[in-house]
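To be precise, the following lines are query_19.txt, and they hold compact mmCIF, C-alpha atoms.
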# COMPACT_ATOMS: atom_id res chain seq x y z
CA MET A 1 -17.44 -11.01 11.34
CA THR A 2 -17.08 -9.89 7.73
CA THR A 3 -13.75 -10.51 6.12
CA ARG A 4 -12.36 -10.07 2.64
CA THR A 5 -9.62 -11.84 0.80
CA ILE A 6 -7.28 -9.37 -0.80
CA SER A 7 -4.08 -9.42 -2.79
CA VAL A 8 -1.64 -6.56 -2.50
CA GLU A 9 1.55 -6.34 -4.49
CA ILE A 10 4.33 -5.24 -2.17
CA ASN A 11 7.80 -4.65 -3.59
CA GLY A 12 6.89 -6.66 -6.67
CA ARG A 13 5.54 -9.68 -4.83
CA ALA A 14 1.87 -10.56 -4.26
CA TYR A 15 0.73 -10.93 -0.67
CA TRP A 16 -2.66 -12.50 0.03
CA GLY A 17 -4.63 -12.12 3.17
CA THR A 18 -8.13 -12.59 4.55
CA VAL A 19 -8.72 -9.49 6.57
CA GLU A 20 -11.34 -7.46 8.37
CA PRO A 21 -12.20 -4.23 6.53
CA ARG A 22 -10.95 -2.24 9.52
CA LEU A 23 -7.38 -3.56 9.19
CA LEU A 24 -5.08 -0.66 8.37
CA LEU A 25 -2.68 -0.99 5.45
CA SER A 26 0.20 -0.36 7.87
CA ASP A 27 -0.85 -3.40 9.91
CA PHE A 28 -1.32 -5.53 6.79
CA ILE A 29 2.24 -4.69 5.76
CA ARG A 30 3.67 -5.46 9.19
CA HIS A 31 1.52 -8.33 10.47
CA GLU A 32 0.29 -10.10 7.33
CA ALA A 33 3.19 -9.50 4.95
CA HIS A 34 5.68 -9.51 7.84
CA LEU A 35 7.55 -6.55 6.39
CA THR A 36 8.44 -4.72 9.56
CA GLY A 37 10.59 -2.01 7.99
CA THR A 38 7.55 0.25 7.86
CA ASN A 39 7.14 1.74 11.32
CA VAL A 40 3.95 2.90 12.96
CA GLY A 41 4.31 6.04 15.06
CA CYS A 42 1.25 8.14 15.83
CA GLU A 43 -1.25 6.06 13.85
CA HIS A 44 -3.34 9.10 13.01
CA GLY A 45 -1.57 10.63 10.06
CA VAL A 46 0.69 13.16 11.74
CA CYS A 47 4.17 11.67 12.10
CA GLY A 48 4.80 10.16 8.65
CA ALA A 49 6.73 7.15 10.00
CA CYS A 50 4.40 4.74 8.15
CA THR A 51 4.83 6.42 4.75
CA VAL A 52 4.89 3.95 1.86
CA GLN A 53 4.43 4.41 -1.86
CA LEU A 54 1.10 3.46 -3.40
CA ASP A 55 1.45 3.13 -7.15
CA GLY A 56 4.57 5.29 -6.84
CA GLU A 57 3.07 8.06 -4.69
CA PRO A 58 3.92 8.52 -1.00
CA ILE A 59 0.94 8.02 1.30
CA ARG A 60 0.35 7.39 4.98
CA SER A 61 -0.29 3.66 5.35
CA CYS A 62 -2.04 4.21 8.70
CA LEU A 63 -4.72 6.28 6.92
CA MET A 64 -5.66 3.64 4.41
CA LEU A 65 -7.53 0.39 4.88
CA ALA A 66 -5.80 -2.74 3.66
CA VAL A 67 -8.91 -3.65 1.63
CA GLN A 68 -8.46 -0.40 -0.29
CA ALA A 69 -5.03 -1.58 -1.45
CA ASP A 70 -6.50 -4.75 -3.00
CA GLY A 71 -5.01 -5.06 -6.48
CA ARG A 72 -2.73 -2.06 -6.00
CA SER A 73 1.03 -1.84 -5.91
CA VAL A 74 2.81 -0.82 -2.71
CA ARG A 75 6.49 -0.12 -2.17
CA THR A 76 8.06 -0.16 1.26
CA VAL A 77 11.56 0.52 2.53
CA GLU A 78 12.43 -3.14 1.93
CA GLY A 79 11.95 -2.45 -1.78
CA LEU A 80 14.50 0.36 -1.96
CA ALA A 81 17.86 -1.39 -2.01
CA PRO A 82 18.72 -3.55 -5.02
CA ALA A 83 18.94 -7.31 -4.52
CA ASP A 84 22.75 -7.30 -4.71
CA GLY A 85 22.90 -5.96 -1.17
CA ASP A 86 24.10 -2.43 -1.94
CA LEU A 87 22.22 0.42 -0.35
CA HIS A 88 20.00 2.66 -2.46
CA PRO A 89 21.88 5.95 -3.12
CA LEU A 90 19.46 7.70 -0.78
CA GLN A 91 20.11 5.20 2.02
CA GLN A 92 23.84 5.49 1.37
CA ALA A 93 23.64 9.26 1.71
CA PHE A 94 21.66 8.98 4.97
CA HIS A 95 24.34 6.62 6.28
CA GLU A 96 27.27 8.80 5.25
CA VAL A 97 26.08 12.13 6.61
CA HIS A 98 24.53 10.73 9.79
CA ALA A 99 20.95 11.59 8.83
CA LEU A 100 19.52 9.18 11.39
CA GLN A 101 20.01 8.54 15.05
CA CYS A 102 17.40 6.17 16.47
CA GLY A 103 16.20 5.41 12.92
CA PHE A 104 12.53 4.96 13.72
CA CYS A 105 11.40 7.70 11.33
CA THR A 106 13.92 6.81 8.61
CA PRO A 107 11.83 4.40 6.48
CA GLY A 108 9.09 7.01 6.21
CA PHE A 109 11.58 9.71 5.22
CA LEU A 110 13.17 7.45 2.62
CA MET A 111 9.87 6.56 0.94
CA THR A 112 8.80 10.22 0.87
CA ILE A 113 12.10 11.49 -0.48
CA GLU A 114 12.60 8.73 -3.04
CA ALA A 115 9.33 9.71 -4.72
CA PHE A 116 10.19 13.41 -4.37
CA LEU A 117 13.61 13.05 -6.01
CA ALA A 118 12.10 11.16 -8.95
CA SER A 119 10.36 14.37 -10.05
CA ALA A 120 12.47 17.05 -8.34
CA PRO A 121 13.87 19.94 -10.38
CA ALA A 122 17.62 20.09 -10.99
CA ASP A 123 18.02 23.34 -9.04
CA LEU A 124 16.85 21.84 -5.78
CA ASP A 125 17.15 24.38 -2.96
CA GLU A 126 16.95 23.88 0.78
CA ARG A 127 13.47 25.36 1.00
CA ALA A 128 12.09 22.83 -1.49
CA ILE A 129 13.80 19.99 0.36
CA ARG A 130 12.42 21.13 3.70
CA GLU A 131 8.94 21.45 2.27
CA ALA A 132 9.19 17.93 0.83
CA LEU A 133 10.18 16.65 4.27
CA ALA A 134 7.48 18.55 6.14
CA GLY A 135 5.15 15.57 6.45
CA ASN A 136 7.71 13.44 8.28
CA LEU A 137 8.71 14.05 11.88
CA CYS A 138 12.13 13.26 13.31
CA ARG A 139 12.69 13.77 17.04
CA CYS A 140 16.45 13.06 17.05
CA THR A 141 18.35 14.78 14.29
CA GLY A 142 16.99 18.31 14.12
CA TYR A 143 16.67 17.69 10.36
CA GLN A 144 19.98 19.36 9.39
CA ASN A 145 21.63 16.14 8.30
CA ILE A 146 18.49 14.82 6.67
CA VAL A 147 18.40 17.90 4.46
CA GLU A 148 22.09 17.38 3.77
CA ALA A 149 21.52 13.72 2.85
CA VAL A 150 18.74 14.64 0.43
CA ARG A 151 21.01 17.18 -1.24
CA LEU A 152 23.84 14.64 -1.49
CA ALA A 153 21.57 11.90 -2.85
CA ALA A 154 20.01 14.28 -5.37
CA GLU A 155 23.47 15.25 -6.60
CA ARG A 156 24.61 11.65 -6.99
CA MET A 157 21.38 10.42 -8.55
CA ARG A 158 21.58 13.19 -11.16
CA ALA A 159 25.17 12.33 -12.05
CA MET B 1 -5.21 2.94 17.87
CA LYS B 2 -7.20 0.72 15.52
CA PRO B 3 -10.60 1.42 13.97
CA PRO B 4 -13.64 -0.20 15.56
CA PRO B 5 -15.35 -2.91 13.46
CA PHE B 6 -17.69 -1.81 10.67
CA GLU B 7 -19.47 -3.23 7.66
CA TYR B 8 -17.72 -2.23 4.46
CA ASP B 9 -18.95 -1.64 0.92
CA ASP B 10 -17.00 -0.36 -2.01
CA PRO B 11 -19.59 0.25 -4.71
CA ALA B 12 -18.43 0.26 -8.33
CA THR B 13 -21.06 2.69 -9.60
CA ILE B 14 -22.63 5.92 -8.36
CA ASP B 15 -26.09 4.30 -8.48
CA GLU B 16 -24.89 1.47 -6.29
CA ALA B 17 -23.40 3.98 -3.83
CA LEU B 18 -26.66 5.96 -3.73
CA GLY B 19 -28.58 2.72 -3.11
CA LEU B 20 -26.36 1.91 -0.14
CA LEU B 21 -26.77 5.43 1.25
CA ALA B 22 -30.55 5.24 0.77
CA GLU B 23 -30.64 2.01 2.73
CA HIS B 24 -28.01 2.71 5.39
CA GLY B 25 -27.42 6.48 5.28
CA ASP B 26 -28.11 7.09 8.96
CA GLU B 27 -25.59 4.52 10.12
CA ALA B 28 -23.06 4.95 7.32
CA LYS B 29 -20.07 7.19 6.70
CA VAL B 30 -18.76 7.86 3.22
CA LEU B 31 -15.04 7.13 2.91
CA ALA B 32 -13.26 9.20 0.26
CA GLY B 33 -9.55 9.98 0.70
CA GLY B 34 -9.72 8.95 4.35
CA GLN B 35 -7.37 11.67 5.57
CA SER B 36 -9.91 12.91 8.12
CA LEU B 37 -12.24 9.93 8.56
CA VAL B 38 -9.53 7.31 9.16
CA PRO B 39 -7.88 9.30 12.01
CA LEU B 40 -11.35 9.66 13.55
CA LEU B 41 -11.83 5.90 13.21
CA ASN B 42 -8.37 5.20 14.62
CA PHE B 43 -9.18 7.38 17.63
CA ARG B 44 -12.63 5.77 17.77
CA LEU B 45 -14.17 9.22 17.77
CA ALA B 46 -16.24 7.95 14.84
CA ARG B 47 -17.95 4.56 15.15
CA PRO B 48 -20.08 4.15 12.04
CA GLU B 49 -21.85 0.84 11.57
CA ARG B 50 -21.00 0.92 7.92
CA VAL B 51 -18.37 2.54 5.73
CA VAL B 52 -19.26 3.24 2.11
CA ASP B 53 -15.97 3.58 0.27
CA VAL B 54 -16.37 5.69 -2.88
CA ASN B 55 -12.80 5.30 -4.11
CA ARG B 56 -13.82 3.05 -6.97
CA LEU B 57 -16.06 5.76 -8.44
CA ASP B 58 -13.53 6.93 -11.00
CA ALA B 59 -16.34 8.83 -12.76
CA LEU B 60 -16.17 11.35 -9.88
CA SER B 61 -12.54 12.24 -10.51
CA TYR B 62 -12.21 15.02 -13.09
CA ILE B 63 -11.47 18.71 -13.62
CA ARG B 64 -13.40 20.16 -16.55
CA ALA B 65 -13.64 23.68 -17.86
CA ASP B 66 -17.17 24.31 -19.07
CA ASP B 67 -19.13 27.33 -20.15
CA GLY B 68 -18.00 29.94 -17.61
CA VAL B 69 -17.38 27.40 -14.86
CA VAL B 70 -14.86 24.82 -13.79
CA ARG B 71 -16.37 21.50 -12.69
CA ILE B 72 -14.42 19.47 -10.16
CA GLY B 73 -15.45 15.89 -9.45
CA ALA B 74 -15.83 15.24 -5.73
CA LEU B 75 -13.27 12.42 -5.79
CA THR B 76 -10.55 14.61 -7.35
CA ARG B 77 -7.44 14.25 -5.20
CA HIS B 78 -5.79 17.36 -3.78
CA ALA B 79 -2.65 16.43 -5.72
CA ALA B 80 -4.59 16.43 -9.00
CA LEU B 81 -5.97 19.88 -8.21
CA GLU B 82 -2.48 21.08 -7.36
CA ARG B 83 -1.06 19.81 -10.66
CA SER B 84 -3.93 20.94 -12.88
CA SER B 85 -2.90 23.55 -15.45
CA GLU B 86 -6.60 24.29 -15.94
CA VAL B 87 -6.96 25.24 -12.26
CA ALA B 88 -3.68 27.19 -12.19
CA ALA B 89 -4.79 29.25 -15.21
CA ARG B 90 -8.46 29.78 -14.39
CA LEU B 91 -8.73 29.51 -10.62
CA PRO B 92 -5.33 30.46 -9.20
CA LEU B 93 -6.92 30.94 -5.77
CA LEU B 94 -7.70 27.22 -5.58
CA ALA B 95 -4.20 26.27 -6.73
CA ASN B 96 -2.86 28.68 -4.13
CA ALA B 97 -5.04 27.26 -1.34
CA VAL B 98 -4.52 23.55 -2.05
CA ALA B 99 -0.76 23.89 -1.58
CA PHE B 100 -1.49 24.61 2.10
CA VAL B 101 -3.43 21.36 2.59
CA GLY B 102 -1.49 19.02 4.87
CA HIS B 103 1.57 17.45 3.29
CA VAL B 104 2.29 15.67 0.03
CA GLN B 105 1.29 12.30 1.52
CA ILE B 106 -2.06 13.78 2.55
CA ARG B 107 -2.65 15.52 -0.78
CA ASN B 108 -1.98 12.30 -2.68
CA ARG B 109 -5.00 10.68 -1.00
CA GLY B 110 -7.24 13.50 0.22
CA THR B 111 -10.09 14.59 -2.03
CA VAL B 112 -11.78 17.91 -2.75
CA GLY B 113 -15.21 16.49 -1.94
CA GLY B 114 -13.90 14.94 1.26
CA SER B 115 -12.54 18.29 2.45
CA VAL B 116 -15.92 19.88 1.81
CA ALA B 117 -18.00 17.11 3.38
CA HIS B 118 -15.77 16.93 6.46
CA ALA B 119 -16.47 20.65 7.01
CA ASP B 120 -13.55 21.52 9.23
CA PRO B 121 -13.56 25.33 9.58
CA ALA B 122 -9.73 25.28 9.48
CA ALA B 123 -9.71 23.50 6.10
CA GLU B 124 -8.42 25.50 3.17
CA LEU B 125 -10.61 24.41 0.25
CA PRO B 126 -14.03 25.20 1.76
CA VAL B 127 -12.81 28.74 2.51
CA ALA B 128 -11.37 29.23 -0.98
CA LEU B 129 -14.59 27.82 -2.45
CA ALA B 130 -16.65 30.22 -0.30
CA ALA B 131 -14.71 33.17 -1.73
CA LEU B 132 -15.23 31.77 -5.24
CA GLU B 133 -18.94 31.07 -4.56
CA GLY B 134 -18.63 27.43 -5.52
CA ARG B 135 -21.84 25.42 -5.82
CA TYR B 136 -22.19 21.88 -4.56
CA HIS B 137 -23.94 19.25 -6.66
CA VAL B 138 -25.31 16.39 -4.62
CA ARG B 139 -27.17 13.25 -5.60
CA SER B 140 -29.39 10.77 -3.87
CA GLN B 141 -31.77 8.10 -5.11
CA ALA B 142 -34.48 10.74 -4.89
CA GLY B 143 -32.69 13.00 -7.37
CA ARG B 144 -30.20 15.81 -7.58
CA ARG B 145 -29.90 19.20 -6.01
CA VAL B 146 -27.44 22.05 -5.96
CA ILE B 147 -26.43 23.55 -2.64
CA ALA B 148 -25.41 27.21 -2.75
CA SER B 149 -22.05 28.23 -1.41
CA ASP B 150 -23.29 29.77 1.81
CA GLU B 151 -25.81 27.02 2.55
CA MET B 152 -23.42 24.08 2.58
CA PHE B 153 -21.79 24.51 5.98
CA VAL B 154 -23.98 24.34 9.06
CA THR B 155 -21.44 24.24 11.88
CA HIS B 156 -18.19 22.57 12.92
CA LEU B 157 -17.90 19.23 10.99
CA THR B 158 -21.51 19.49 9.82
CA THR B 159 -22.85 20.18 6.34
CA SER B 160 -26.39 20.40 5.00
CA LEU B 161 -25.92 17.09 3.18
CA GLU B 162 -28.65 14.59 4.07
CA PRO B 163 -27.55 11.10 5.19
CA ASP B 164 -28.66 9.59 1.86
CA GLU B 165 -26.91 12.23 -0.25
CA LEU B 166 -23.53 12.04 -1.94
CA LEU B 167 -21.55 15.10 -2.94
CA VAL B 168 -20.64 14.49 -6.59
CA GLU B 169 -19.35 17.76 -8.01
CA ILE B 170 -18.12 21.20 -7.08
CA GLU B 171 -18.97 23.81 -9.68
CA VAL B 172 -16.86 26.95 -9.53
CA PRO B 173 -17.95 29.97 -11.58
CA LEU B 174 -15.08 31.77 -13.29
CA PRO B 175 -14.66 35.23 -11.78
CA PRO B 176 -15.10 38.24 -14.11
CA PRO B 177 -12.13 39.63 -16.07
CA GLY B 178 -9.89 41.89 -14.03
CA THR B 179 -10.15 39.61 -11.01
CA ARG B 180 -7.21 38.72 -8.85
CA ALA B 181 -7.12 36.63 -5.74
CA ALA B 182 -5.00 35.71 -2.75
CA PHE B 183 -5.06 33.02 -0.09
CA VAL B 184 -3.06 33.43 3.10
CA GLU B 185 -2.99 31.49 6.33
CA PHE B 186 -0.89 31.16 9.43
CA ALA B 187 0.13 27.83 10.97
CA ARG B 188 2.87 27.15 13.49
CA ARG B 189 4.44 24.67 11.09
CA HIS B 190 3.80 24.29 7.37
CA GLY B 191 1.04 21.75 6.87
CA ASP B 192 -0.40 22.03 10.36
CA PHE B 193 -3.97 23.10 10.90
CA ALA B 194 -3.98 26.85 10.42
CA LEU B 195 -4.82 29.14 13.33
CA GLY B 196 -6.38 31.59 10.91
CA GLY B 197 -6.55 32.49 7.27
CA ALA B 198 -8.29 34.45 4.56
CA ALA B 199 -9.26 34.01 0.92
CA VAL B 200 -9.84 37.14 -1.10
CA VAL B 201 -11.19 37.61 -4.62
CA LEU B 202 -11.11 41.18 -5.94
CA THR B 203 -12.24 42.61 -9.25
CA LEU B 204 -10.67 45.96 -10.05
CA ASP B 205 -11.52 48.29 -12.93
CA ASP B 206 -8.88 50.02 -15.07
CA ALA B 207 -8.57 52.84 -12.56
CA GLY B 208 -7.87 50.35 -9.76
CA THR B 209 -11.27 50.76 -8.12
CA CYS B 210 -12.77 47.65 -6.60
CA THR B 211 -15.98 46.66 -8.39
CA ARG B 212 -16.51 43.32 -6.65
CA ALA B 213 -15.03 41.83 -3.50
CA ARG B 214 -15.33 38.41 -1.92
CA ILE B 215 -13.67 37.77 1.43
CA ALA B 216 -13.86 34.44 3.28
CA LEU B 217 -12.32 33.72 6.67
CA LEU B 218 -10.64 30.52 7.83
CA ALA B 219 -10.92 29.23 11.40
CA ALA B 220 -12.77 32.37 12.45
CA ALA B 221 -16.11 30.67 13.11
CA PRO B 222 -17.61 27.15 13.20
CA THR B 223 -17.94 27.35 9.38
CA PRO B 224 -16.11 29.14 6.56
CA LEU B 225 -17.29 32.71 6.99
CA ARG B 226 -17.99 35.32 4.32
CA ALA B 227 -17.26 38.87 5.44
CA TYR B 228 -20.24 40.45 3.63
CA GLY B 229 -20.00 43.77 5.46
CA ALA B 230 -16.36 44.26 4.54
CA GLU B 231 -17.06 43.22 0.94
CA THR B 232 -19.78 45.84 0.56
CA TRP B 233 -17.64 48.53 2.18
CA LEU B 234 -14.69 47.76 -0.10
CA THR B 235 -16.74 47.91 -3.31
CA GLY B 236 -16.16 51.30 -4.94
CA MET B 237 -12.92 51.88 -3.04
CA ARG B 238 -9.32 51.89 -4.20
CA VAL B 239 -7.65 48.97 -2.47
CA ASP B 240 -4.70 50.67 -0.82
CA GLU B 241 -3.14 50.16 2.60
CA ARG B 242 -5.69 52.35 4.37
CA ALA B 243 -8.69 50.64 2.73
CA ALA B 244 -7.24 47.21 3.46
CA VAL B 245 -6.83 48.10 7.13
CA GLU B 246 -10.41 49.32 7.37
CA ALA B 247 -11.88 46.37 5.44
CA ALA B 248 -9.94 43.89 7.58
CA SER B 249 -11.18 45.57 10.73
CA ARG B 250 -14.77 45.34 9.44
CA ALA B 251 -14.26 41.70 8.41
CA VAL B 252 -13.57 40.64 12.00
CA ALA B 253 -15.88 43.11 13.76
CA ASP B 254 -18.45 40.46 14.67
CA VAL B 255 -16.15 37.48 14.69
CA HIS B 256 -15.47 35.45 17.83
CA PRO B 257 -13.16 32.55 16.99
CA THR B 258 -13.18 29.74 19.51
CA GLY B 259 -10.01 29.88 21.59
CA ASP B 260 -7.99 26.82 22.51
CA ILE B 261 -4.47 26.00 23.70
CA HIS B 262 -3.07 27.09 20.33
CA GLY B 263 -4.53 30.58 20.57
CA GLY B 264 -7.22 32.49 22.43
CA THR B 265 -10.18 34.28 20.90
CA GLU B 266 -8.51 37.71 20.91
CA TYR B 267 -5.32 36.39 19.40
CA ARG B 268 -7.15 34.55 16.67
CA ARG B 269 -9.30 37.54 15.80
CA ALA B 270 -6.24 39.79 15.57
CA LEU B 271 -4.52 37.15 13.47
CA VAL B 272 -7.41 36.81 11.01
CA GLU B 273 -7.61 40.61 10.77
CA SER B 274 -3.93 40.79 9.82
CA LEU B 275 -4.34 38.01 7.31
CA VAL B 276 -7.35 39.67 5.64
CA ARG B 277 -5.36 42.88 5.30
CA ARG B 278 -2.40 41.01 3.87
CA ALA B 279 -4.56 39.01 1.43
CA LEU B 280 -6.31 42.17 0.20
CA LEU B 281 -3.00 43.92 -0.50
CA GLN B 282 -1.53 40.81 -2.12
CA ALA B 283 -4.55 40.41 -4.37
CA ALA B 284 -4.61 44.11 -5.29
CA GLU B 285 -0.96 44.04 -6.31
CA ARG B 286 -1.36 40.97 -8.53
CA ARG B 287 -1.82 41.39 -12.24
How would this structure read if it were set down as structure tokens?
Amino acid sequence: MTTRTISVEINGRAYWGTVEPRLLLSDFIRHEAHLTGTNVGCEHGVCGACTVQLDGEPIRSCLMLAVQADGRSVRTVEGLAPADGDLHPLQQAFHEVHALQCGFCTPGFLMTIEAFLASAPADLDERAIREALAGNLCRCTGYQNIVEAVRLAAERMRA
Amino acid sequence: MKPPPFEYDDPATIDEALGLLAEHGDEAKVLAGGQSLVPLLNFRLARPERVVDVNRLDALSYIRADDGVVRIGALTRHAALERSSEVAARLPLLANAVAFVGHVQIRNRGTVGGSVAHADPAAELPVALAALEGRYHVRSQAGRRVIASDEMFVTHLTTSLEPDELLVEIEVPLPPPGTRAAFVEFARRHGDFALGGAAVVLTLDDAGTCTRARIALLAAAPTPLRAYGAETWLTGMRVDERAAVEAASRAVADVHPTGDIHGGTEYRRALVESLVRRALLQAAERR
């Protein structure tokens, strides 16, 4: 069996692994790096639960091979909150306005929205928010409070 | 699920990639953005012996305006196409169409060449490229060739690329002055596979008469489909509501989309007809 030794930077730390080429990045993150904040839902690129940032851009980690992330920089939900234990403003907003119920989809939403807010225009309207969220499915909330949380976080992060 | 085992190569040069395809083409799949191939691997609907990953071929990622054409490297990500001011200014139809491709996470990885080579008849870019008469540059160890717009797609998920060939560039001729375009599609949710769609490129003279029309249909057939009959009929006409209705009706006259649980043949044909009409009127009203 062919394997490759790879090094992936996740949340600023290098993780090494000797892996089969078929190992998905999502499984490398969960089973090799033991960062289980990234959830795996559909595993075929539809639900968005496994969204992480690759070099700052949101991607589906179930649609990328771990070997393809060799030498690249990945950010997962564990990398959002600062080390002092406070929540990231986006997480805080999700908490305050009840933007999660079971929470399974939440890490994916957070990683999508964090990248979106970094380049979002000041006059963010609901349509733009909903379009930004379109690649992430939530089966609990009905999205209303997620949209609200994004608006709240955007407001605070601008201030 | 998880992909089945495969041998993996990630060549650093185009020549190396072509060598691998020459040796293993029949058993190999080219991996570009992975937004279609990896789901197929995860479902084990695809079981290639070997995966040739072209993501290190940075030389295939570019958007260049040349003499009367725009050249798009096959490895150009959808997101790069979406952000390109060159594309927005010169080929607004492509900018328009790419915004419908999946979601931001998909567009960050998915590539233009991958969309073409995957040949899904519900994919946006092949249909937009059909309306723009894009030409496909392919390479193999044996040499290069250019595949014409209407010779690329053979049927559902099948192109005329040979197993040892690699799609390297999409060349899009700039439409004549006075051209305007529109891309419309219908999906149940934004980012889902569309149930139907249409790309329209119209050239109008100063009096508003159509001097050139290109109409391509999405998800109406096993390949992107040019509506040649409707194009010919529309040429010489003023594109008003009545002409758009007639041209749309002609565009779907011989079309029999495959029905499935998301929509039957009749529904899909009626849908594509409406979308052609809408695209024609949208394009005609643009300046």
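With only C-alpha atoms as the atoms that count, the minimum distance from Pro21 of chain A to the choices A:Leu90, A:Cys102, A:Val67, A:Val97 is reached by A:Val67.
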How close does chain A get to chain B? List, as CSV, each residue of chain A within 9 Å, its nearest atom pair and the distance in Å to one decimal, counting all atoms listed in the file.
residue,atom,partner,partner_atom,distance
A:Met1,CA,B:Pro5,CA,8.6
A:Thr2,CA,B:Glu7,CA,7.1
A:Glu20,CA,B:Pro5,CA,7.9
A:Pro21,CA,B:Tyr8,CA,6.2
A:Arg22,CA,B:Pro3,CA,5.8
A:Leu23,CA,B:Pro3,CA,7.6
A:Leu24,CA,B:Lys2,CA,7.6
A:Cys42,CA,B:Met1,CA,8.5
A:Glu43,CA,B:Met1,CA,6.4
A:His44,CA,B:Pro39,CA,4.7
A:Gly45,CA,B:Pro39,CA,6.7
A:Gly48,CA,B:Gln105,CA,8.2
A:Thr51,CA,B:Gln105,CA,7.6
A:Glu57,CA,B:Asn108,CA,6.9
A:Pro58,CA,B:Gln105,CA,5.2
A:Ile59,CA,B:Gln105,CA,4.3
A:Arg60,CA,B:Gln105,CA,6.1
A:Cys62,CA,B:Val38,CA,8.1
A:Leu63,CA,B:Val38,CA,5.4
A:Met64,CA,B:Gly34,CA,6.7
A:Leu65,CA,B:Val38,CA,8.4
A:Gln68,CA,B:Asn55,CA,8.1
A:Thr112,CA,B:Gln105,CA,7.8
A:Glu131,CA,B:His190,CA,7.8
A:Ala132,CA,B:Val104,CA,7.3
A:Leu133,CA,B:His103,CA,8.7
A:Ala134,CA,B:His103,CA,6.7
A:Gly135,CA,B:His103,CA,5.1
A:Asn136,CA,B:His103,CA,8.9
Take the residues that were just selected and, keeping C-alpha atoms, output them as a short mmCIF file (atom, residue, chain, number, x, y, z; two decimals), keeping the file's coordinate frame.
data_model
loop_
_atom_site.label_atom_id
_atom_site.label_comp_id
_atom_site.auth_asym_id
_atom_site.auth_seq_id
_atom_site.Cartn_x
_atom_site.Cartn_y
_atom_site.Cartn_z
CA MET A 1 -17.44 -11.01 11.34
CA THR A 2 -17.08 -9.89 7.73
CA GLU A 20 -11.34 -7.46 8.37
CA PRO A 21 -12.20 -4.23 6.53
CA ARG A 22 -10.95 -2.24 9.52
CA LEU A 23 -7.38 -3.56 9.19
CA LEU A 24 -5.08 -0.66 8.37
CA CYS A 42 1.25 8.14 15.83
CA GLU A 43 -1.25 6.06 13.85
CA HIS A 44 -3.34 9.10 13.01
CA GLY A 45 -1.57 10.63 10.06
CA GLY A 48 4.80 10.16 8.65
CA THR A 51 4.83 6.42 4.75
CA GLU A 57 3.07 8.06 -4.69
CA PRO A 58 3.92 8.52 -1.00
CA ILE A 59 0.94 8.02 1.30
CA ARG A 60 0.35 7.39 4.98
CA CYS A 62 -2.04 4.21 8.70
CA LEU A 63 -4.72 6.28 6.92
CA MET A 64 -5.66 3.64 4.41
CA LEU A 65 -7.53 0.39 4.88
CA GLN A 68 -8.46 -0.40 -0.29
CA THR A 112 8.80 10.22 0.87
CA GLU A 131 8.94 21.45 2.27
CA ALA A 132 9.19 17.93 0.83
CA LEU A 133 10.18 16.65 4.27
CA ALA A 134 7.48 18.55 6.14
CA GLY A 135 5.15 15.57 6.45
CA ASN A 136 7.71 13.44 8.28
#
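Atom CA of Tyr228 of chain B lies 15.4 Å from atom CA of Ala243 of chain B.
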Identify, on the basis of all atoms listed in the file, every residue whose closest approach to Phe94 of chain A does not exceed 12 Å; exclude the query and any residue fewer than 4 positions from it along the same chain; express the result as a PDB file with C-alpha atoms, in the frame of the given file.
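Below you can see result15.pdb, which holds the result:
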ATOM      1  CA  LEU A  87      22.220   0.420  -0.350  1.00  0.00           C
ATOM      2  CA  HIS A  88      20.000   2.660  -2.460  1.00  0.00           C
ATOM      3  CA  PRO A  89      21.880   5.950  -3.120  1.00  0.00           C
ATOM      4  CA  LEU A  90      19.460   7.700  -0.780  1.00  0.00           C
ATOM      5  CA  HIS A  98      24.530  10.730   9.790  1.00  0.00           C
ATOM      6  CA  ALA A  99      20.950  11.590   8.830  1.00  0.00           C
ATOM      7  CA  LEU A 100      19.520   9.180  11.390  1.00  0.00           C
ATOM      8  CA  GLN A 101      20.010   8.540  15.050  1.00  0.00           C
ATOM      9  CA  GLY A 103      16.200   5.410  12.920  1.00  0.00           C
ATOM     10  CA  THR A 106      13.920   6.810   8.610  1.00  0.00           C
ATOM     11  CA  PRO A 107      11.830   4.400   6.480  1.00  0.00           C
ATOM     12  CA  PHE A 109      11.580   9.710   5.220  1.00  0.00           C
ATOM     13  CA  LEU A 110      13.170   7.450   2.620  1.00  0.00           C
ATOM     14  CA  ILE A 113      12.100  11.490  -0.480  1.00  0.00           C
ATOM     15  CA  THR A 141      18.350  14.780  14.290  1.00  0.00           C
ATOM     16  CA  TYR A 143      16.670  17.690  10.360  1.00  0.00           C
ATOM     17  CA  GLN A 144      19.980  19.360   9.390  1.00  0.00           C
ATOM     18  CA  ASN A 145      21.630  16.140   8.300  1.00  0.00           C
ATOM     19  CA  ILE A 146      18.490  14.820   6.670  1.00  0.00           C
ATOM     20  CA  VAL A 147      18.400  17.900   4.460  1.00  0.00           C
ATOM     21  CA  GLU A 148      22.090  17.380   3.770  1.00  0.00           C
ATOM     22  CA  ALA A 149      21.520  13.720   2.850  1.00  0.00           C
ATOM     23  CA  VAL A 150      18.740  14.640   0.430  1.00  0.00           C
ATOM     24  CA  ARG A 151      21.010  17.180  -1.240  1.00  0.00           C
ATOM     25  CA  LEU A 152      23.840  14.640  -1.490  1.00  0.00           C
ATOM     26  CA  ALA A 153      21.570  11.900  -2.850  1.00  0.00           C
ATOM     27  CA  ALA A 154      20.010  14.280  -5.370  1.00  0.00           C
TER      28      ALA A 154
END
Report task. Work out how far apart atom CA of Ile63 of chain B and atom CA of Ala80 of chain B are and give it in Å to one decimal. Result -> 8.6 Å
